[in-house]
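Asks: Structure file data05.txt, compact mmCIF, C-alpha atoms, is pasted below:
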# COMPACT_ATOMS: atom_id res chain seq x y z
CA MET A 8 13.55 -15.30 -23.71
CA SER A 9 15.51 -17.47 -26.01
CA SER A 10 19.21 -17.70 -25.81
CA GLY A 11 20.99 -20.55 -27.48
CA GLY A 12 23.67 -20.06 -30.13
CA GLN A 13 27.41 -20.18 -29.78
CA ASN A 14 29.41 -17.89 -27.55
CA LEU A 15 31.36 -15.24 -29.37
CA SER A 16 35.13 -14.96 -29.22
CA ASP A 17 36.48 -12.02 -27.20
CA PRO A 18 37.35 -9.68 -30.09
CA GLU A 19 33.97 -10.33 -31.71
CA LYS A 20 32.21 -9.66 -28.47
CA LYS A 21 34.08 -6.41 -27.98
CA ASP A 22 33.20 -5.34 -31.50
CA ARG A 23 29.57 -6.07 -30.87
CA LEU A 24 29.55 -4.39 -27.52
CA ASN A 25 31.36 -1.34 -28.72
CA SER A 26 29.30 -0.86 -31.83
CA GLY A 27 27.86 2.65 -31.58
CA ASN A 28 29.20 2.83 -28.04
CA ASP A 29 30.48 5.83 -26.20
CA SER A 30 33.96 4.68 -25.22
CA ARG A 31 34.15 7.22 -22.41
CA GLU A 32 31.14 5.56 -20.79
CA ALA A 33 32.82 2.19 -20.96
CA LYS A 34 36.01 3.68 -19.51
CA SER A 35 34.21 5.23 -16.57
CA THR A 36 32.37 1.95 -15.99
CA LYS A 37 35.69 0.13 -15.86
CA GLU A 38 37.05 2.54 -13.30
CA LYS A 39 34.08 2.60 -10.94
CA PRO A 40 30.99 0.65 -11.83
CA ASP A 41 27.72 1.76 -10.31
CA LEU A 42 26.55 -1.00 -7.98
CA TYR A 43 22.92 -0.13 -8.55
CA VAL A 44 23.17 -0.38 -12.33
CA ILE A 45 24.87 -3.78 -12.17
CA ALA A 46 22.38 -4.99 -9.57
CA ARG A 47 19.53 -3.87 -11.83
CA ILE A 48 20.97 -5.65 -14.85
CA ILE A 49 21.45 -8.85 -12.85
CA ALA A 50 17.99 -8.60 -11.29
CA VAL A 51 16.35 -8.21 -14.71
CA LEU A 52 18.37 -11.09 -16.21
CA LYS A 53 17.52 -13.26 -13.21
CA GLU A 54 13.86 -12.53 -13.59
CA LYS A 55 13.53 -12.68 -17.37
CA GLY A 56 16.32 -14.99 -18.48
CA SER A 57 18.13 -14.14 -21.72
CA LEU A 58 17.32 -10.79 -23.28
CA ASN A 59 18.64 -8.90 -26.23
CA ARG A 60 20.47 -5.69 -25.40
CA THR A 61 17.72 -3.35 -26.55
CA THR A 62 15.12 -5.12 -24.43
CA LEU A 63 17.58 -5.22 -21.54
CA ALA A 64 18.18 -1.46 -21.87
CA THR A 65 14.41 -0.88 -21.79
CA SER A 66 13.86 -3.25 -18.85
CA THR A 67 16.64 -1.71 -16.78
CA GLY A 68 15.75 1.85 -17.77
CA LEU A 69 19.31 2.48 -18.96
CA ALA A 70 20.47 4.36 -22.03
CA TYR A 71 21.73 1.88 -24.61
CA ASN A 72 25.29 3.24 -24.65
CA ARG A 73 25.49 3.15 -20.91
CA LEU A 74 24.21 -0.41 -20.81
CA ILE A 75 26.84 -1.49 -23.34
CA GLY A 76 29.61 -0.09 -21.12
CA TYR A 77 28.29 -2.06 -18.17
CA LEU A 78 27.81 -5.23 -20.20
CA GLU A 79 31.40 -5.02 -21.30
CA TRP A 80 32.51 -4.70 -17.70
CA MET A 81 30.35 -7.66 -16.66
CA ASP A 82 31.40 -9.73 -19.63
CA GLU A 83 35.08 -9.24 -18.77
CA ARG A 84 34.38 -10.70 -15.38
CA GLN A 85 32.23 -13.47 -16.84
CA PHE A 86 29.13 -12.37 -14.99
CA ILE A 87 27.19 -12.57 -18.26
CA LYS A 88 27.42 -14.35 -21.60
CA ILE A 89 26.52 -12.75 -24.91
CA ASN A 90 25.68 -15.02 -27.80
CA GLU A 91 26.06 -14.29 -31.51
CA ASP A 92 22.49 -13.01 -31.73
CA GLY A 93 23.33 -10.43 -29.11
CA TYR A 94 21.32 -12.11 -26.35
CA VAL A 95 22.64 -11.56 -22.86
CA THR A 96 22.47 -14.33 -20.26
CA LEU A 97 23.43 -14.24 -16.61
CA THR A 98 26.11 -16.79 -15.69
CA GLN A 99 26.36 -18.78 -12.48
CA ALA A 100 29.32 -16.60 -11.49
CA GLY A 101 27.22 -13.48 -12.04
CA MET A 102 24.42 -14.88 -9.93
CA GLU A 103 26.80 -15.94 -7.14
CA THR A 104 28.52 -12.55 -7.19
CA TYR A 105 25.21 -10.79 -6.80
CA GLU A 106 24.18 -13.09 -3.96
CA LYS A 107 27.59 -12.55 -2.35
CA LEU A 108 27.16 -8.77 -2.53
CA VAL A 109 23.65 -8.98 -1.06
CA ARG A 110 24.96 -11.12 1.82
CA TRP A 111 27.93 -8.81 2.32
CA ILE A 112 25.77 -5.67 2.54
CA LEU A 113 23.29 -7.50 4.74
CA ARG A 114 26.07 -8.48 7.11
CA TYR A 115 26.87 -4.81 7.69
CA VAL A 116 23.43 -3.24 7.46
CA GLY A 117 22.18 -6.05 9.69
CA LYS A 118 24.52 -4.86 12.44
CA VAL A 119 23.17 -1.32 12.41
CA LYS A 120 20.91 -0.74 15.38
CA PHE A 121 18.14 1.64 14.38
CA PRO A 122 16.85 3.62 17.34
CA ARG A 123 13.15 3.69 17.98
CA PHE A 124 11.67 7.11 17.40
CA SER A 125 8.39 7.38 19.20
CA MET B 17 17.54 -19.07 -16.44
CA ILE B 18 19.51 -19.49 -13.22
CA ALA B 19 17.40 -20.36 -10.24
CA ASN B 20 17.63 -18.45 -7.00
CA SER B 21 18.37 -20.44 -3.87
CA SER B 22 15.80 -20.04 -1.10
CA SER B 23 18.46 -18.64 1.23
CA SER B 24 19.43 -15.98 -1.31
CA LEU B 25 15.77 -15.00 -1.72
CA GLU B 26 15.55 -14.75 2.04
CA ASP B 27 18.73 -12.63 2.10
CA GLU B 28 17.28 -10.34 -0.55
CA ARG B 29 14.06 -9.95 1.39
CA GLU B 30 16.01 -9.29 4.59
CA LEU B 31 18.15 -6.68 2.85
CA SER B 32 15.03 -4.91 1.56
CA ALA B 33 13.53 -5.00 5.06
CA LYS B 34 16.72 -3.59 6.61
CA VAL B 35 16.97 -0.81 4.05
CA GLU B 36 13.29 -0.03 4.69
CA GLN B 37 14.11 0.30 8.39
CA LEU B 38 17.02 2.58 7.56
CA MET B 39 14.86 4.76 5.34
CA ILE B 40 12.13 4.99 8.01
CA SER B 41 14.79 6.25 10.44
CA LEU B 42 16.06 8.74 7.88
CA ASP B 43 12.50 9.95 7.28
CA GLU B 44 12.20 10.56 11.02
CA VAL B 45 15.39 12.59 10.79
CA LYS B 46 13.85 14.59 7.94
CA LYS B 47 10.83 15.31 10.12
CA TYR B 48 13.04 16.55 12.94
CA LYS B 49 15.00 18.58 10.43
CA ALA B 50 11.74 20.20 9.37
CA LEU B 51 11.25 21.07 13.06
CA ALA B 52 14.48 23.07 12.88
CA GLY B 53 13.00 25.10 10.02
CA GLY B 54 9.71 25.33 11.89
CA VAL B 55 11.37 26.77 15.03
CA VAL B 56 11.84 30.16 13.32
CA ASP B 57 8.19 30.24 12.17
CA PHE B 58 6.98 29.03 15.55
CA THR B 59 9.03 31.65 17.43
CA ALA B 60 7.71 34.38 15.13
CA ILE B 61 4.10 33.24 15.65
CA ILE B 62 4.60 33.07 19.44
CA LEU B 63 6.16 36.56 19.53
CA LEU B 64 3.40 38.02 17.35
CA SER B 65 0.76 36.38 19.54
CA ALA B 66 2.42 37.74 22.70
CA ILE B 67 2.59 41.24 21.20
CA GLY B 68 -1.02 40.89 20.01
CA ALA B 69 -2.14 39.76 23.47
CA ILE B 70 -0.36 42.72 25.13
CA PHE B 71 -1.88 45.19 22.67
CA VAL B 72 -5.35 43.74 23.16
CA PHE B 73 -4.93 43.85 26.93
CA ILE B 74 -3.61 47.43 27.03
CA GLY B 75 -6.04 48.61 24.35
CA GLN B 76 -9.03 47.19 26.11
CA ASN B 77 -7.96 48.65 29.46
CA LEU B 78 -7.42 52.06 27.88
CA TYR B 79 -10.80 51.83 26.19
CA GLU B 80 -12.50 50.90 29.44
CA THR B 81 -10.68 53.62 31.37
CA TYR B 82 -11.13 56.52 28.95
CA VAL B 83 -14.09 55.64 26.73
CA SER B 84 -16.55 53.45 28.58
CA TYR B 85 -15.58 53.57 32.23
CA ASN B 86 -17.45 51.11 34.40
CA PRO B 87 -16.44 50.94 38.08
CA ASN B 88 -18.01 47.48 38.38
CA ASN B 89 -15.80 46.05 35.66
CA ILE B 90 -13.36 43.64 37.31
CA GLY B 91 -11.16 43.32 34.23
CA PHE B 92 -12.19 39.81 33.34
CA PRO B 93 -12.76 40.28 29.57
CA SER B 94 -9.40 41.94 28.84
CA PHE B 95 -7.44 39.11 30.43
CA LEU B 96 -9.64 36.54 28.80
CA VAL B 97 -9.15 38.13 25.37
CA ALA B 98 -5.38 38.23 25.97
CA VAL B 99 -5.40 34.53 26.88
CA ILE B 100 -7.50 33.71 23.82
CA VAL B 101 -5.25 35.74 21.48
CA PHE B 102 -2.05 34.17 22.80
CA GLY B 103 -3.56 30.69 23.09
CA ALA B 104 -4.83 30.88 19.51
CA GLY B 105 -1.37 31.94 18.33
CA LEU B 106 0.23 29.07 20.23
CA VAL B 107 -2.18 26.53 18.76
CA ALA B 108 -1.73 28.01 15.27
CA GLY B 109 2.06 27.76 15.69
CA LEU B 110 1.84 24.13 16.83
CA LEU B 111 -0.45 23.22 13.92
CA TRP B 112 1.79 25.03 11.46
CA VAL B 113 4.89 23.15 12.63
CA ASP B 114 2.95 19.87 12.72
CA ARG B 115 1.89 20.39 9.11
CA ARG B 116 5.46 21.11 8.04
CA VAL B 117 6.73 18.04 9.86
CA ARG B 118 4.07 15.73 8.41
CA TRP B 119 4.86 16.81 4.86
CA ALA B 120 8.63 16.78 5.28
CA ALA B 121 9.24 13.09 4.56
CA LYS B 122 6.23 12.30 2.38
CA PRO B 123 7.75 12.72 -1.13
CA SER B 124 10.90 10.78 -0.27
CA ARG B 125 8.92 8.01 1.48
CA GLU B 126 6.75 7.45 -1.60
CA GLN B 127 9.87 7.30 -3.77
CA TRP B 128 11.91 4.77 -1.78
CA LYS B 129 8.87 2.61 -1.00
CA ALA B 130 8.05 2.35 -4.69
CA GLN B 131 11.67 1.52 -5.51
CA LEU B 132 11.87 -1.21 -2.87
CA GLU B 133 8.54 -2.71 -3.91
CA LYS B 134 9.44 -2.68 -7.58
CA GLU B 135 13.09 -3.70 -7.51
CA GLY B 136 13.58 -5.54 -4.20
CA ALA B 137 17.23 -6.10 -3.27
CA ALA B 138 18.51 -4.29 -6.38
CA GLY B 139 16.42 -1.30 -5.32
CA ALA B 140 17.85 -1.58 -1.80
CA ILE B 141 21.39 -1.53 -3.21
CA GLY B 142 20.37 1.45 -5.35
CA ILE B 143 19.00 3.35 -2.36
CA LEU B 144 22.16 2.70 -0.34
CA SER B 145 24.53 3.62 -3.15
CA LYS B 146 22.65 6.80 -4.03
CA LEU B 147 22.44 8.11 -0.48
CA ASP B 148 24.33 11.35 0.04
CA TRP B 149 25.93 10.33 3.32
CA SER B 150 27.46 13.70 4.17
CA GLU B 151 23.98 15.22 3.76
CA VAL B 152 22.54 12.44 5.94
CA PHE B 153 25.05 13.13 8.74
CA GLU B 154 24.54 16.87 8.51
CA GLY B 155 20.78 16.30 8.54
CA ILE B 156 21.01 14.26 11.75
CA ARG B 157 23.07 16.95 13.50
CA TYR B 158 20.75 19.71 12.28
CA SER B 159 17.62 17.76 13.22
CA LYS B 160 18.95 17.22 16.75
CA LEU B 161 19.43 20.95 17.14
CA GLY B 162 15.97 21.68 15.71
CA PHE B 163 14.34 19.06 17.90
CA VAL B 164 15.85 20.54 21.09
CA MET B 165 15.21 24.16 20.04
CA TYR B 166 11.58 23.44 19.17
CA GLY B 167 11.13 21.86 22.60
CA VAL B 168 12.60 24.93 24.30
CA VAL B 169 10.43 27.39 22.31
CA LYS B 170 7.33 25.28 22.95
CA ILE B 171 8.02 25.30 26.69
CA ILE B 172 8.45 29.09 26.56
CA GLY B 173 5.12 29.38 24.72
CA TYR B 174 3.34 27.28 27.34
CA TRP B 175 5.09 29.25 30.06
CA ILE B 176 3.79 32.58 28.68
CA LEU B 177 0.27 31.13 28.44
CA ALA B 178 0.45 29.77 31.99
CA PHE B 179 1.84 33.11 33.17
CA ILE B 180 -1.08 35.06 31.63
CA LEU B 181 -3.56 32.61 33.15
CA LEU B 182 -1.99 32.74 36.63
CA PHE B 183 -1.65 36.51 36.39
CA PHE B 184 -5.36 36.61 35.61
CA LEU B 185 -6.19 34.30 38.52
CA ASP B 186 -3.89 36.31 40.79
CA GLY B 187 -5.49 39.61 39.74
CA ILE B 188 -9.11 38.48 39.75
CA ILE B 189 -9.49 35.80 42.37
CA LEU B 190 -6.82 36.55 44.99
CA ASP B 191 -6.96 40.32 44.75
CA ASP B 192 -10.72 40.67 44.59
CA PHE B 193 -11.73 37.93 46.98
CA VAL B 194 -8.78 37.39 49.34
CA HIS B 195 -7.34 40.92 48.89
CA GLU B 196 -3.85 39.49 48.49
CA LEU B 197 -1.66 39.96 45.43
CA VAL B 198 1.23 37.66 44.57
CA SER B 199 4.24 39.42 43.03
CA LEU B 200 5.04 38.99 39.31
CA PRO B 201 8.33 37.05 39.77
CA VAL B 202 6.49 34.55 41.96
CA VAL B 203 3.73 34.17 39.34
CA GLY B 204 6.44 33.69 36.70
CA LEU B 205 8.28 31.08 38.76
CA VAL B 206 5.12 29.19 39.69
CA SER B 207 3.94 29.13 36.07
CA LEU B 208 7.37 27.88 34.92
CA ILE B 209 7.41 25.10 37.52
CA LEU B 210 3.86 24.17 36.56
CA VAL B 211 4.73 23.99 32.86
CA LEU B 212 7.89 21.97 33.54
CA ILE B 213 5.91 19.49 35.64
CA LEU B 214 3.22 19.17 32.96
CA SER B 215 5.85 18.79 30.24
CA THR B 216 7.90 16.13 32.03
CA ARG B 217 6.92 13.41 29.55
CA ASP B 218 7.68 15.66 26.58
CA LEU B 219 11.06 16.59 28.05
CA GLN B 220 11.87 12.94 28.73
CA LYS B 221 10.90 12.06 25.16
CA ARG B 222 13.08 14.84 23.77
CA TYR B 223 16.02 13.67 25.85
CA ASN B 224 15.58 10.08 24.62
CA GLN B 225 15.13 11.13 20.99
CA SER B 226 18.20 13.29 21.14
CA TRP B 227 20.20 10.25 22.33
CA ALA B 228 18.56 8.16 19.60
CA LEU B 229 19.71 10.67 16.97
CA ASP B 230 23.24 10.57 18.36
CA SER B 231 23.23 6.80 18.31
CA LEU B 232 21.86 6.75 14.73
CA LEU B 233 24.64 9.12 13.66
CA TRP B 234 27.36 6.83 15.02
CA GLU B 235 25.77 3.66 13.65
CA LEU B 236 25.45 5.18 10.18
CA ARG B 237 28.97 6.59 10.22
CA TRP B 238 30.25 3.08 10.81
CA PHE B 239 27.97 1.57 8.14
CA GLU B 240 28.93 4.19 5.57
CA SER B 241 32.63 3.53 6.08
CA GLU B 242 32.01 -0.19 5.51
CA PHE B 243 29.61 0.29 2.61
CA ARG B 244 32.21 2.33 0.71
CA ARG B 245 34.02 -0.98 0.19
CA ALA B 246 31.01 -2.69 -1.38
CA GLU B 247 31.73 -3.96 -4.88
CA PHE B 248 30.95 -6.86 -7.17
CA VAL B 249 33.66 -9.42 -6.50
CA ARG B 250 33.58 -12.91 -7.88
CA PRO B 251 33.17 -15.68 -5.28
CA GLY B 252 36.57 -16.67 -3.96
CA GLU B 253 38.12 -13.26 -4.68
CA GLU B 254 38.94 -10.87 -1.89
CA ARG B 255 37.43 -7.44 -1.52
CA SER B 256 39.89 -4.60 -2.01
CA PRO B 257 41.08 -3.03 1.26
CA GLN B 258 39.67 0.34 2.21
Let me see the file written as structure tokens.

Replies:
Amino acid sequence: MSSGGQNLSDPEKKDRLNSGNDSREAKSTKEKPDLYVIARIIAVLKEKGSLNRTTLATSTGLAYNRLIGYLEWMDERQFIKINEDGYVTLTQAGMETYEKLVRWILRYVGKVKFPRFS
Amino acid sequence: MIANSSSSLEDERELSAKVEQLMISLDEVKKYKALAGGVVDFTAIILLSAIGAIFVFIGQNLYETYVSYNPNNIGFPSFLVAVIVFGAGLVAGLLWVDRRVRWAAKPSREQWKAQLEKEGAAGAIGILSKLDWSEVFEGIRYSKLGFVMYGVVKIIGYWILAFILLFFLDGIILDDFVHELVSLPVVGLVSLILVLILSTRDLQKRYNQSWALDSLLWELRWFESEFRRAEFVRPGEERSPQ
């Protein structure tokens, strides 16, 4: 669960993230990210702290290439930080965004009146 | 590691609870949808039982008339056998549909419960984002139809059973002891009224459930249109318009 190390510059990060990556996956992630996948990544990072990408892929049950596409998307928005050792850490912004989404969904789903089926 | 605030943990728990409620409602819809499929089976079983009961009744009367004629026979066994044959068919039909309904939502319930328990709010978001809403709406409409149709066929089944019983009572008791015979339409009408009176609670329940399904459809239509806008937006940024 160690993180530490310096943050990488943007081009370096992109190189790391895209190494062995399917660029089409990253492209589709950019267009329409899957809420569930991002929520899963955030939930795992929240629970376990910093993780390397392979462990994160295993913990989230995502294919490595797919995870990389999502990490790139999240990194662009500063929801996560990736250090030089390739460890991924959730940022405060990432945490707040997740909490904001949970509250937002709750606001709507909370208004739904479920009928009682007897 | 970034710590969760207690309010966010509460929100996450509340979201999981709400999604659980939603999924319970959708499982109910699945059960009612299974009723729609069961209506065809149930109708077939009822028809076969009615045909079986008629054959048994006619066959036994023919046998008693032409093979073992007994002037003292008042016809009790043939009616009783007809009632038993039809009644057994009705019970078998009800049990068959009940079995189908009970199994309809089981696999999905196990799946979403496990997801919610394992992943919490993330699992709840996953469930919501993976729901096929058009299938959900179609399912609600279909289940409403099935629910009403099953109720109608069940009432018809009870009506036939009540008719056979009253016909038997009319033929045996009134004819043999009072020497009066009530006409068939009257027996039919009386048995229908009797069944409707005895099924009042069931009819009331069906009426309420049908309204509940309508209300669920509208509530979920509204929620789905809002949920389409859900996205990860940084605090302070605005959500894109629909």

Asks: Rounded to one decimal in Å, what is the spacing between atom CA of Gly93 of chain A and atom CA of Ala137 of chain B?

Replies: 26.9 Å

Asks: Identify the residues within 8 Å of coordinate (23.4, -16.7, -15.7) (same frame as the file), considering all atoms listed in the file, and give the answer as a tab-separated table (two decimals) with C-alpha atoms, in the coordinates of the input.

Replies:
chain	number	residue	atom	x	y	z
A	52	LEU	CA	18.37	-11.09	-16.21
A	53	LYS	CA	17.52	-13.26	-13.21
A	56	GLY	CA	16.32	-14.99	-18.48
A	86	PHE	CA	29.13	-12.37	-14.99
A	87	ILE	CA	27.19	-12.57	-18.26
A	88	LYS	CA	27.42	-14.35	-21.60
A	96	THR	CA	22.47	-14.33	-20.26
A	97	LEU	CA	23.43	-14.24	-16.61
A	98	THR	CA	26.11	-16.79	-15.69
A	99	GLN	CA	26.36	-18.78	-12.48
A	100	ALA	CA	29.32	-16.60	-11.49
A	101	GLY	CA	27.22	-13.48	-12.04
A	102	MET	CA	24.42	-14.88	-9.93
B	17	MET	CA	17.54	-19.07	-16.44
B	18	ILE	CA	19.51	-19.49	-13.22

Asks: Using only C-alpha atoms, give me every residue within 12 Å of (18.2, -9.1, -0.9) in file coordinates, as a PyMOL selection string.

Replies: (chain A and resi 46+50+105-114+116-117) or (chain B and resi 20-36+132-133+135-142)

Asks: Report, in Å to a single decimal, how far apart atom CA of Leu219 of chain B and atom CA of Arg116 of chain B are.

Replies: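 It comes out at 21.3 Å.
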
Asks: Once 5 Å is added on each side, what are the centre and the three edge lengths, in Å to one decimal, of the axis-aligned box enclosing the listed atoms of segment 153-172 of chain B? Present them as lines of an AutoDock Vina configuration file.

Replies:
center_x = 16.2
center_y = 21.1
center_z = 17.6
size_x = 27.7
size_y = 26.0
size_z = 28.2

Asks: Which residue, B:Ser159, B:Gln131, B:Ser207, B:Ser199, has the smallest gap to Arg222 of chain B when you use only C-alpha atoms?

Replies: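 The closest residue to Arg222 of chain B is B:Ser159.
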
Asks: Ranking A:Ile89, A:Val95, A:Val119, A:Tyr71 by minimum distance to chain B and counting only C-alpha atoms, which one comes first?

Replies: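 Nearest candidate to chain B out of A:Ile89, A:Val95, A:Val119, A:Tyr71: A:Val119.
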
Asks: With only C-alpha atoms as the counted atoms, please give the residues lying no more than 12 Å from Val44 of chain A, apart from itself and same-chain residues fewer than 6 positions off, as a PyMOL selection string.

Replies: (chain A and resi 36+50-51+63-64+66-70+73-78+80-81+105) or (chain B and resi 135+138-143+145-146+247-248)

Asks: Could you state the separation of atom CA of Phe239 of chain B and atom CA of Met39 of chain B in Å, given to one decimal place?

Replies: 13.8 Å

Asks: Skip Leu106 of chain B itself and residues of its chain fewer than 4 positions away, then list as a PyMOL selection string all residues within 12 Å of it, counting all atoms listed in the file.

Replies: chain B and resi 57-66+68-69+99-102+110-113+169-178

Asks: Point out the residue among A:Asn90, A:Thr65, A:Thr104, A:Lys118 with the least atom-to-atom distance to chain B, counting only C-alpha atoms.

Replies: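 The closest residue to chain B is A:Thr104.
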